[in-house]
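So this one's input_23.cif, mmCIF, C-alpha atoms and all ligand atoms:
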```
data_my_file
#
loop_
_atom_site.label_atom_id
_atom_site.label_comp_id
_atom_site.auth_asym_id
_atom_site.auth_seq_id
_atom_site.Cartn_x
_atom_site.Cartn_y
_atom_site.Cartn_z
CA MET A 1 30.01 0.58 18.89
CA ASN A 2 29.55 4.35 19.07
CA ASP A 3 33.00 4.95 17.64
CA ARG A 4 31.99 3.39 14.29
CA PRO A 5 31.94 5.91 11.45
CA GLY A 6 28.76 7.28 9.93
CA GLY A 7 26.86 8.43 12.99
CA ARG A 8 24.12 6.65 14.88
CA ILE A 9 20.79 5.44 13.56
CA LEU A 10 17.65 6.00 15.60
CA LEU A 11 15.30 3.05 15.05
CA SER A 12 11.74 3.92 16.05
CA THR A 13 8.97 1.45 15.26
CA THR A 14 5.51 1.61 16.77
CA GLY A 15 3.26 -1.42 16.44
CA PHE A 16 5.84 -4.12 15.81
CA ARG A 17 8.96 -5.49 17.45
CA PRO A 18 12.11 -3.89 16.10
CA GLN A 19 14.50 -6.72 17.08
CA LEU A 20 15.34 -8.05 13.62
CA TRP A 21 15.66 -4.55 12.15
CA TYR A 22 17.90 -3.66 15.09
CA ASP A 23 20.10 -6.73 14.66
CA LEU A 24 20.54 -6.26 10.92
CA LEU A 25 21.15 -2.50 11.06
CA SER A 26 23.49 -2.72 14.03
CA ALA A 27 25.64 -5.31 12.26
CA GLU A 28 26.84 -2.37 10.12
CA ARG A 29 26.21 0.81 12.09
CA PRO A 30 25.48 1.91 15.67
CA VAL A 31 21.77 1.90 16.38
CA VAL A 32 19.74 3.31 19.28
CA LEU A 33 16.05 2.92 20.12
CA GLU A 34 15.87 6.25 22.01
CA PRO A 35 17.90 9.44 21.69
CA ASP A 36 20.21 10.31 24.61
CA GLY A 37 18.04 13.11 25.95
CA ASP A 38 17.20 16.27 23.99
CA ASP A 39 19.39 17.43 21.09
CA ASP A 40 21.30 14.14 20.82
CA PRO A 41 24.18 15.12 18.49
CA THR A 42 25.13 11.54 17.60
CA ILE A 43 22.05 10.60 15.58
CA GLU A 44 22.35 11.20 11.85
CA TYR A 45 19.67 8.90 10.45
CA ALA A 46 16.23 7.75 11.54
CA VAL A 47 14.66 4.49 10.38
CA VAL A 48 11.02 4.67 11.34
CA TRP A 49 7.49 3.32 11.33
CA LYS A 50 4.95 5.62 13.04
CA GLN A 51 7.54 7.45 15.12
CA PRO A 52 6.17 9.33 18.15
CA PRO A 53 5.27 12.92 17.15
CA GLY A 54 8.02 15.43 17.91
CA LEU A 55 10.72 12.77 18.30
CA LEU A 56 12.62 13.61 15.09
CA ALA A 57 12.42 17.37 15.65
CA ARG A 58 14.68 16.86 18.66
CA LEU A 59 17.62 15.62 16.53
CA PRO A 60 19.70 18.59 15.35
CA TYR A 61 22.16 16.51 13.29
CA LEU A 62 19.61 14.36 11.50
CA LYS A 63 20.49 13.98 7.79
CA ALA A 64 17.68 11.75 6.49
CA ILE A 65 14.60 9.81 7.55
CA PHE A 66 14.02 6.32 6.10
CA SER A 67 10.55 4.80 6.05
CA ILE A 68 10.41 1.09 6.77
CA GLY A 69 7.51 0.83 4.29
CA ALA A 70 6.62 2.08 0.82
CA GLY A 71 4.10 4.54 2.27
CA VAL A 72 5.10 7.60 4.29
CA ASP A 73 1.74 8.74 5.70
CA HIS A 74 2.87 7.32 9.06
CA ILE A 75 5.79 9.79 9.01
CA PHE A 76 3.69 12.79 7.91
CA ALA A 77 1.29 12.09 10.79
CA ASP A 78 3.94 13.91 12.87
CA PRO A 79 3.15 17.66 12.58
CA ASP A 80 6.64 18.56 13.82
CA LEU A 81 8.92 17.01 11.19
CA PRO A 82 12.44 18.36 10.67
CA ASP A 83 13.32 19.59 7.17
CA VAL A 84 15.47 16.67 6.01
CA PRO A 85 14.90 14.26 3.09
CA ILE A 86 12.40 11.46 3.66
CA VAL A 87 13.22 8.25 1.79
CA ARG A 88 10.49 5.69 1.15
CA MET A 89 10.99 2.00 0.56
CA VAL A 90 11.15 0.77 -3.00
CA ALA A 91 12.31 -2.83 -3.24
CA ASP A 92 11.84 -5.68 -5.70
CA ASN A 93 10.82 -7.98 -2.87
CA LEU A 94 8.05 -5.62 -1.72
CA THR A 95 6.84 -5.04 -5.27
CA GLN A 96 6.76 -8.79 -5.93
CA HIS A 97 4.66 -9.41 -2.80
CA MET A 98 2.17 -6.72 -3.79
CA THR A 99 1.95 -8.08 -7.34
CA GLU A 100 1.21 -11.54 -5.93
CA TYR A 101 -1.51 -10.13 -3.67
CA VAL A 102 -3.18 -8.16 -6.48
CA VAL A 103 -3.06 -11.09 -8.93
CA TRP A 104 -4.40 -13.44 -6.22
CA ARG A 105 -7.33 -11.18 -5.36
CA VAL A 106 -8.14 -10.27 -8.99
CA LEU A 107 -8.17 -13.95 -9.97
CA ASP A 108 -10.31 -14.85 -6.96
CA HIS A 109 -12.94 -12.26 -7.95
CA HIS A 110 -12.64 -13.12 -11.63
CA ARG A 111 -12.92 -16.90 -11.04
CA GLN A 112 -15.72 -16.47 -8.46
CA GLY A 113 -13.81 -17.79 -5.46
CA ALA A 114 -16.47 -16.63 -2.98
CA LEU A 115 -19.21 -18.43 -4.92
CA TYR A 116 -17.25 -21.70 -5.11
CA ARG A 117 -16.48 -21.52 -1.37
CA SER A 118 -20.16 -21.09 -0.60
CA HIS A 119 -21.01 -23.99 -2.93
CA GLN A 120 -18.40 -26.18 -1.24
CA ASN A 121 -19.85 -25.36 2.20
CA ARG A 122 -23.20 -26.61 0.93
CA LYS A 123 -21.71 -29.56 -1.04
CA LEU A 124 -23.10 -28.14 -4.28
CA TRP A 125 -21.62 -29.36 -7.59
CA ARG A 126 -22.25 -26.29 -9.75
CA GLU A 127 -20.35 -24.65 -12.56
CA PRO A 128 -20.86 -20.87 -12.80
CA PRO A 129 -20.10 -18.98 -16.03
CA GLN A 130 -16.42 -18.26 -16.74
CA PRO A 131 -15.96 -14.91 -18.49
CA PRO A 132 -12.56 -14.80 -20.19
CA ALA A 133 -10.00 -12.37 -18.74
CA GLU A 134 -10.01 -10.40 -21.98
CA ASN A 135 -13.63 -9.41 -21.25
CA VAL A 136 -12.82 -8.17 -17.74
CA SER A 137 -11.22 -4.81 -17.05
CA VAL A 138 -9.09 -4.17 -13.99
CA GLY A 139 -8.64 -0.51 -13.08
CA ILE A 140 -5.65 0.39 -10.96
CA MET A 141 -5.82 3.60 -8.92
CA GLY A 142 -2.20 4.62 -8.49
CA LEU A 143 0.14 3.82 -11.34
CA GLY A 144 3.30 4.07 -9.26
CA GLN A 145 5.94 1.51 -8.40
CA LEU A 146 3.37 -1.03 -7.18
CA GLY A 147 0.52 -0.19 -9.55
CA ARG A 148 2.69 -0.50 -12.66
CA ALA A 149 4.09 -3.88 -11.59
CA ALA A 150 0.57 -5.19 -10.89
CA ALA A 151 -0.61 -3.84 -14.26
CA LYS A 152 2.16 -5.71 -16.07
CA ALA A 153 1.28 -9.00 -14.37
CA LEU A 154 -2.44 -8.57 -15.10
CA LEU A 155 -1.75 -7.76 -18.76
CA SER A 156 0.23 -10.98 -19.05
CA LEU A 157 -2.87 -12.86 -17.80
CA GLY A 158 -4.96 -11.29 -20.55
CA PHE A 159 -7.03 -8.76 -18.57
CA GLN A 160 -7.91 -5.36 -19.95
CA VAL A 161 -6.01 -2.96 -17.70
CA ASN A 162 -6.87 0.67 -16.92
CA GLY A 163 -4.81 3.04 -14.81
CA TRP A 164 -5.43 6.31 -12.99
CA SER A 165 -2.78 8.62 -11.56
CA ARG A 166 -2.35 12.23 -10.44
CA THR A 167 -0.18 13.23 -13.38
CA GLU A 168 -0.27 11.80 -16.88
CA ARG A 169 1.33 8.35 -17.10
CA ARG A 170 1.67 6.14 -20.13
CA MET A 171 2.18 2.40 -20.13
CA ASP A 172 2.12 -0.04 -23.05
CA GLY A 173 -1.14 -1.97 -23.15
CA VAL A 174 -2.76 0.06 -20.34
CA THR A 175 -5.48 2.65 -20.94
CA THR A 176 -4.63 5.55 -18.67
CA TRP A 177 -6.44 8.55 -17.22
CA HIS A 178 -5.27 11.11 -14.72
CA GLY A 179 -6.49 13.81 -12.39
CA GLU A 180 -9.99 14.65 -11.29
CA LYS A 181 -11.29 14.86 -14.87
CA GLY A 182 -10.04 11.37 -15.70
CA LEU A 183 -11.55 9.69 -12.64
CA THR A 184 -15.14 9.14 -13.81
CA PRO A 185 -14.24 7.72 -17.27
CA PHE A 186 -11.65 5.49 -15.58
CA LEU A 187 -14.25 4.15 -13.12
CA ASN A 188 -16.93 3.77 -15.80
CA ALA A 189 -14.56 1.45 -17.70
CA THR A 190 -13.57 -0.68 -14.67
CA ASP A 191 -14.97 -4.03 -13.41
CA ILE A 192 -12.38 -4.75 -10.72
CA LEU A 193 -10.98 -1.70 -8.94
CA VAL A 194 -7.52 -2.07 -7.38
CA VAL A 195 -6.55 0.75 -5.01
CA LEU A 196 -2.80 1.30 -4.74
CA LEU A 197 -2.76 4.99 -3.90
CA PRO A 198 -0.81 6.63 -1.10
CA TYR A 199 -2.80 8.18 1.74
CA THR A 200 -2.51 11.96 1.46
CA THR A 201 -4.80 14.93 2.10
CA ALA A 202 -5.89 14.61 -1.56
CA THR A 203 -6.75 10.90 -1.40
CA GLU A 204 -8.37 10.65 2.06
CA GLY A 205 -11.76 8.90 1.84
CA ILE A 206 -11.61 8.76 -1.96
CA VAL A 207 -13.10 5.23 -2.02
CA ASN A 208 -16.63 6.21 -1.00
CA TYR A 209 -20.20 5.40 -2.03
CA ASP A 210 -20.21 7.93 -4.84
CA LEU A 211 -16.98 6.55 -6.35
CA LEU A 212 -18.13 2.94 -6.08
CA GLY A 213 -21.37 3.87 -7.82
CA LYS A 214 -19.39 4.92 -10.90
CA LEU A 215 -17.82 1.51 -11.51
CA ARG A 216 -19.04 -0.48 -14.53
CA ARG A 217 -22.18 -2.39 -13.59
CA ASP A 218 -22.93 -4.29 -16.79
CA GLY A 219 -19.67 -6.25 -17.00
CA GLU A 220 -19.50 -10.04 -17.28
CA LEU A 221 -18.68 -10.55 -13.59
CA GLY A 222 -22.21 -9.56 -12.61
CA GLY A 223 -21.10 -6.48 -10.66
CA PRO A 224 -17.95 -4.56 -9.79
CA CYS A 225 -15.39 -5.67 -7.20
CA LEU A 226 -13.06 -3.63 -4.99
CA ILE A 227 -9.52 -4.48 -3.86
CA ASN A 228 -7.85 -2.02 -1.47
CA ALA A 229 -4.20 -2.66 -0.63
CA GLY A 230 -3.24 1.03 -0.36
CA ARG A 231 -4.23 2.44 3.01
CA GLY A 232 -7.35 2.16 5.17
CA LYS A 233 -7.96 5.89 5.30
CA LEU A 234 -8.41 5.95 1.53
CA GLN A 235 -11.75 4.24 2.08
CA ARG A 236 -14.98 4.95 3.93
CA GLY A 237 -15.80 1.59 5.49
CA ASP A 238 -19.49 2.38 6.03
CA ASP A 239 -19.83 3.36 2.37
CA ILE A 240 -18.31 0.06 1.26
CA LEU A 241 -20.77 -1.87 3.44
CA ARG A 242 -23.69 0.17 2.10
CA ALA A 243 -22.53 -0.35 -1.50
CA LEU A 244 -22.32 -4.12 -0.88
CA ASP A 245 -25.78 -4.18 0.68
CA ASP A 246 -27.22 -2.09 -2.18
CA ASP A 247 -25.60 -4.39 -4.79
CA ILE A 248 -23.65 -1.44 -6.15
CA LEU A 249 -20.57 -3.47 -5.29
CA LYS A 250 -20.44 -7.24 -5.74
CA GLU A 251 -17.47 -8.15 -3.53
CA ALA A 252 -14.47 -6.59 -1.80
CA SER A 253 -10.96 -7.71 -0.83
CA LEU A 254 -9.67 -5.42 1.89
CA ASP A 255 -6.13 -5.53 3.23
CA VAL A 256 -6.29 -2.16 4.97
CA PHE A 257 -8.83 -0.49 7.27
CA GLU A 258 -9.56 2.87 8.83
CA GLU A 259 -8.81 1.30 12.21
CA GLU A 260 -6.04 -1.31 12.45
CA PRO A 261 -5.99 -3.93 13.82
CA LEU A 262 -9.56 -4.36 12.61
CA PRO A 263 -11.70 -4.39 15.80
CA PRO A 264 -13.44 -7.71 16.59
CA GLU A 265 -16.87 -6.06 16.30
CA SER A 266 -16.21 -4.86 12.71
CA PRO A 267 -18.83 -6.26 10.29
CA PHE A 268 -16.07 -6.76 7.72
CA TRP A 269 -14.80 -9.87 9.58
CA THR A 270 -17.95 -11.86 8.89
CA HIS A 271 -19.39 -10.19 5.79
CA PRO A 272 -20.03 -12.91 3.17
CA LYS A 273 -18.96 -10.59 0.33
CA VAL A 274 -15.72 -9.41 1.97
CA PHE A 275 -12.29 -11.05 2.06
CA VAL A 276 -10.10 -9.66 4.86
CA THR A 277 -6.30 -9.75 5.21
CA PRO A 278 -4.49 -7.96 8.09
CA HIS A 279 -2.48 -5.27 6.25
CA ALA A 280 -0.28 -8.04 4.94
CA ALA A 281 -0.40 -7.57 1.16
CA ALA A 282 3.29 -6.70 1.05
CA THR A 283 5.05 -6.95 4.38
CA SER A 284 8.38 -5.15 4.79
CA ASP A 285 10.99 -7.87 5.20
CA PRO A 286 14.08 -6.49 6.98
CA HIS A 287 16.33 -9.12 5.39
CA HIS A 288 15.62 -7.53 2.01
CA LEU A 289 15.13 -3.92 3.07
CA VAL A 290 17.92 -3.25 5.59
CA PRO A 291 20.72 -3.76 3.01
CA LEU A 292 18.98 -1.20 0.74
CA ILE A 293 18.80 1.34 3.58
CA LEU A 294 22.45 0.81 4.54
CA GLU A 295 23.57 1.04 0.91
CA GLN A 296 21.76 4.36 0.56
CA MET A 297 23.44 5.75 3.69
CA THR A 298 26.88 4.76 2.41
CA ALA A 299 26.23 6.20 -1.06
CA PHE A 300 24.88 9.41 0.50
CA GLU A 301 28.08 9.78 2.52
CA ARG A 302 30.07 9.37 -0.72
CA GLY A 303 28.17 12.40 -2.02
CA GLU A 304 25.58 10.57 -4.12
CA PRO A 305 21.95 11.74 -4.05
CA LEU A 306 19.40 9.79 -2.03
CA ARG A 307 16.91 7.77 -4.11
CA ASN A 308 13.14 7.49 -3.63
CA VAL A 309 12.92 10.78 -1.75
CA VAL A 310 9.28 11.75 -1.23
CA ASN A 311 7.72 15.00 -2.34
CA ARG A 312 6.69 16.87 0.81
CA GLU A 313 4.23 19.09 -1.04
CA GLU A 314 2.33 16.10 -2.45
CA GLY A 315 2.80 13.94 0.68
CA TYR A 316 4.04 10.83 -1.13
N1 LIG A 401 -0.98 -3.05 2.10
C1 LIG A 401 0.33 -3.15 2.09
O1 LIG A 401 0.91 -4.11 2.60
C2 LIG A 401 1.14 -2.08 1.42
C3 LIG A 401 2.50 -2.32 1.15
C4 LIG A 401 3.23 -1.37 0.48
C5 LIG A 401 2.61 -0.18 0.07
N2 LIG A 401 1.31 0.04 0.34
C6 LIG A 401 0.65 1.28 -0.11
O2 LIG A 401 0.78 1.40 -1.52
C7 LIG A 401 0.95 2.78 -1.83
C8 LIG A 401 1.53 2.94 -3.21
O3 LIG A 401 2.89 2.56 -3.25
P1 LIG A 401 3.83 2.88 -4.51
O4 LIG A 401 5.20 2.43 -4.17
O5 LIG A 401 3.21 2.36 -5.75
O6 LIG A 401 3.74 4.48 -4.54
P2 LIG A 401 4.19 5.48 -5.70
O7 LIG A 401 5.23 4.85 -6.57
O8 LIG A 401 4.50 6.76 -5.02
O9 LIG A 401 2.86 5.65 -6.59
C9 LIG A 401 1.75 6.32 -6.15
C10 LIG A 401 0.77 6.45 -7.30
O10 LIG A 401 -0.42 7.08 -6.80
C11 LIG A 401 -0.72 8.21 -7.63
N3 LIG A 401 -1.36 9.26 -6.85
C12 LIG A 401 -0.93 9.89 -5.73
N4 LIG A 401 -1.77 10.84 -5.34
C13 LIG A 401 -2.78 10.85 -6.24
C14 LIG A 401 -3.95 11.62 -6.41
N5 LIG A 401 -4.26 12.61 -5.56
N6 LIG A 401 -4.75 11.36 -7.47
C15 LIG A 401 -4.44 10.37 -8.33
N7 LIG A 401 -3.33 9.59 -8.24
C16 LIG A 401 -2.51 9.83 -7.21
C17 LIG A 401 0.61 8.68 -8.14
O11 LIG A 401 0.40 9.51 -9.28
P3 LIG A 401 1.66 10.06 -10.15
O12 LIG A 401 2.16 8.86 -10.90
O13 LIG A 401 1.05 11.08 -11.03
O14 LIG A 401 2.65 10.59 -9.17
C18 LIG A 401 1.29 7.35 -8.43
O15 LIG A 401 0.88 6.86 -9.69
C19 LIG A 401 1.85 3.26 -0.69
O16 LIG A 401 1.76 4.67 -0.52
C20 LIG A 401 1.29 2.52 0.51
O17 LIG A 401 0.29 3.30 1.13
C21 LIG A 401 0.55 -0.89 1.00
#
```

Show me, as structure tokens, the structure contained in the file I just sent.
Amino acid sequence: MNDRPGGRILLSTTGFRPQLWYDLLSAERPVVLEPDGDDDPTIEYAVVWKQPPGLLARLPYLKAIFSIGAGVDHIFADPDLPDVPIVRMVADNLTQHMTEYVVWRVLDHHRQGALYRSHQNRKLWREPPQPPAENVSVGIMGLGQLGRAAAKALLSLGFQVNGWSRTERRMDGVTTWHGEKGLTPFLNATDILVVLLPYTTATEGIVNYDLLGKLRRDGELGGPCLINAGRGKLQRGDDILRALDDDILKEASLDVFEEEPLPPESPFWTHPKVFVTPHAAATSDPHHLVPLILEQMTAFERGEPLRNVVNREEGY
């Protein structure tokens, strides 16, 4: 195996079993799960999820690091990263899954899923008001690959869609704001907040009590709702609970948490106004993603530039 061209891939995944990734990658290129001691000269690529800190700095011939997911905060958690390009995952399959999750959660809040479930539990035959989608505004924090796709799907369902990003972004049919100055007007115009930001030093804890208090309170849903499918460290869990208790926030759908897996004692598990999923909004499927990683390696070796390289300064 080691005599195959293209150098070896180091596959380092913390938190899930790498077998399928290993099998699919190694069908094309030699793969190892550990370097051969310090300064292993045979490893040219790393495919990682939460690699152990310092691991990549020990690879003198490393040419590029590939993230198994769309986010790269798990890579930047390593303070000792070598200066090689970091490629994040952008894939139709991943985008489609996230769009499905966002549409599912937006529709559940819009069509009062929690209320119907509580009625069903009590065998109550009641019909709550049904505000039309055109009277409900969904605000998406993060108008990137995933945010834009979700915006498009929500527009097609008739919602008003707002977007907020770091730099100015325009999108047909979407009212956009950007930067710190744009945040308050964006929130003031939003009934359902969808968080699809990356976790960086600039976005840490951004979803806090103060931010939630700026969401539109007089909309037809009877209170604002939060959907976070970005990262857990974007939010302050205690602030979300306080906002729910204070009726500043009506309901929340949370896919990500400050601590994952969510500990059994977390009040989110049983909170009647919270819908929990286990960081599963858009799972990275190796059947779809490994071919994209391998294609990039081959193109790179032909002299083509790597795509979806992250900006180290901005951290995403
Ligand atoms: N829960 C899951 O299963 C799951 C799955 C996949 C991804 N994710 C999360 O989703 C995130 C977004 O993915 P993506 O592919 O859409 O990323 P992306 O294409 O890089 O887009 C990121 C968006 O966030 C904006 N942004 C970044 N920093 C900001 C700041 N400080 N203030 C305001 N806006 C800021 C960017 O603004 P600009 O447009 O101005 O650059 C951009 O619009 C990932 O980083 C990951 O954490 C979660």

- Message: So that I can see what lies close to Pro52 (chain A), please list as an MDAnalysis selection string the residues with an atom at most 12 Å from it, counting only C-alpha atoms and leaving out residues fewer than 5 positions away in the same chain.
- Response: chainID A and resid 11:15 33:34 57:58 74:81

- Message: From the options A:Arg17, A:Arg170, A:Lys214, A:His110, which residue's atoms come nearest to Thr184 (chain A), counting all atoms listed in the file?
- Response: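 For Thr184 (chain A), the nearest of the given residues is A:Lys214.
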
- Nearest-residue call for Phe66 (chain A), choices A:Pro85, A:Gly219, A:Gly232, A:Gly163, using all atoms listed in the file: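 Closest to Phe66 (chain A), using all atoms listed in the file: A:Pro85.
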
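If you measure from each of A:Trp21, A:Tyr316, A:Trp104, A:Phe300 to ligand LIG 401 (chain A) using only C-alpha atoms and all ligand atoms, the closest one turns out to be A:Tyr316.
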
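When all atoms listed in the file are used to compute distances to ligand LIG 401 (chain A), the closest of the residues A:Asn308, A:Thr175, A:Ser253, A:Thr167 turns out to be A:Thr167.
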
Please report, as CSV, each residue of chain A lying at most 8 Å from ligand LIG 401 (chain A), together with the nearest pair of atoms and the separation in Å rounded to one decimal; use only C-alpha atoms and all ligand atoms, and order rows by chain and ascending residue number.
```
residue,atom,partner,partner_atom,distance
A:Gly69,CA,A:LIG401,C4,6.1
A:Ala70,CA,A:LIG401,C5,4.7
A:Gly71,CA,A:LIG401,O16,3.6
A:Val72,CA,A:LIG401,O16,6.5
A:Asp73,CA,A:LIG401,O17,7.3
A:Met89,CA,A:LIG401,O4,7.5
A:Val90,CA,A:LIG401,O4,6.3
A:Leu94,CA,A:LIG401,C4,6.8
A:Thr95,CA,A:LIG401,C4,7.7
A:Met98,CA,A:LIG401,C3,6.6
A:Met141,CA,A:LIG401,N7,6.5
A:Gly142,CA,A:LIG401,O10,3.5
A:Leu143,CA,A:LIG401,O15,3.5
A:Gly144,CA,A:LIG401,O9,3.1
A:Gln145,CA,A:LIG401,O7,3.9
A:Leu146,CA,A:LIG401,O5,3.7
A:Gly147,CA,A:LIG401,O5,5.3
A:Arg148,CA,A:LIG401,O5,7.5
A:Trp164,CA,A:LIG401,N7,6.1
A:Ser165,CA,A:LIG401,N7,3.5
A:Arg166,CA,A:LIG401,C15,3.5
A:Thr167,CA,A:LIG401,O13,3.4
A:Glu168,CA,A:LIG401,O13,6.0
A:Arg169,CA,A:LIG401,O12,6.3
A:His178,CA,A:LIG401,C15,6.5
A:Gly179,CA,A:LIG401,C15,5.7
A:Glu180,CA,A:LIG401,N6,7.3
A:Leu196,CA,A:LIG401,O2,4.8
A:Leu197,CA,A:LIG401,O10,4.3
A:Pro198,CA,A:LIG401,O16,3.3
A:Tyr199,CA,A:LIG401,O17,5.8
A:Thr200,CA,A:LIG401,N4,6.9
A:Ala202,CA,A:LIG401,N5,4.8
A:Thr203,CA,A:LIG401,N5,5.1
A:Asn228,CA,A:LIG401,N1,7.8
A:Ala229,CA,A:LIG401,N1,4.2
A:Gly230,CA,A:LIG401,C6,3.9
A:Arg231,CA,A:LIG401,O17,5.0
A:Asp255,CA,A:LIG401,N1,5.8
A:Val256,CA,A:LIG401,N1,6.1
A:His279,CA,A:LIG401,N1,4.9
A:Ala280,CA,A:LIG401,O1,4.7
A:Ala281,CA,A:LIG401,O1,4.0
A:Ala282,CA,A:LIG401,O1,3.8
A:Thr283,CA,A:LIG401,O1,5.3
A:Ser284,CA,A:LIG401,C3,7.5
A:Val310,CA,A:LIG401,O8,7.9
A:Glu314,CA,A:LIG401,N4,7.3
A:Tyr316,CA,A:LIG401,O8,5.6
```

As a CSV table (one decimal) with C-alpha atoms, keeping the file's coordinate frame, please: the residues near Leu155 (chain A) (cut-off 10 Å, only C-alpha atoms, same-chain neighbours under 2 positions excluded).
```csv
chain,number,residue,atom,x,y,z
A,133,ALA,CA,-10.0,-12.4,-18.7
A,134,GLU,CA,-10.0,-10.4,-22.0
A,138,VAL,CA,-9.1,-4.2,-14.0
A,150,ALA,CA,0.6,-5.2,-10.9
A,151,ALA,CA,-0.6,-3.8,-14.3
A,152,LYS,CA,2.2,-5.7,-16.1
A,153,ALA,CA,1.3,-9.0,-14.4
A,157,LEU,CA,-2.9,-12.9,-17.8
A,158,GLY,CA,-5.0,-11.3,-20.6
A,159,PHE,CA,-7.0,-8.8,-18.6
A,160,GLN,CA,-7.9,-5.4,-20.0
A,161,VAL,CA,-6.0,-3.0,-17.7
A,172,ASP,CA,2.1,0.0,-23.0
A,173,GLY,CA,-1.1,-2.0,-23.2
A,174,VAL,CA,-2.8,0.1,-20.3
```

- Task: Please provide as JSON, numbers by chain all residues within 8 Å of Lys250 (chain A), with the sequence filter that same-chain residues fewer than 3 positions apart are discarded (counting only C-alpha atoms).
- Result: {"A": [222, 223, 224, 225, 244, 247, 273]}

- Message: With distances taken over all atoms listed in the file, which residue among A:Asp36, A:Pro18, A:Pro82, A:Glu28 lies nearest Trp49 (chain A)?
- Response: A:Pro18

- Separation of CA of Phe257 (chain A) from CA of Leu234 (chain A), in Å and rounded to one decimal: 8.6 Å

- Nearest to Asp245 (chain A): which of A:Leu115, A:Val274, A:Val103, A:Leu10 is it, counting only C-alpha atoms? A:Val274

How big is the axis-aligned box around the listed atoms of region 236-244 of chain A once 3 Å is added on each side, and where is its centre? Give both in Å to one decimal, as AutoDock Vina command-line options.
```
--center_x -19.3 --center_y 0.4 --center_z 2.3 --size_x 14.7 --size_y 15.1 --size_z 13.5
```

- Atom-to-atom span, CA of Val194 (chain A) and CA of Ile227 (chain A), Å: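 Those two atoms sit 4.7 Å apart.
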
- Item | Interatomic distance, CA of Tyr22 (chain A) to CA of Asn93 (chain A) (Å, one decimal) |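 Taking CA of Tyr22 (chain A) as the start and CA of Asn93 (chain A) as the end point, the length is 19.8 Å.
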
- Nearby residues, (-24.4, -20.9, -8.8) file frame, 10 Å, all atoms listed in the file, as a ChimeraX atom specification: /A:112,115-116,118-119,124-129
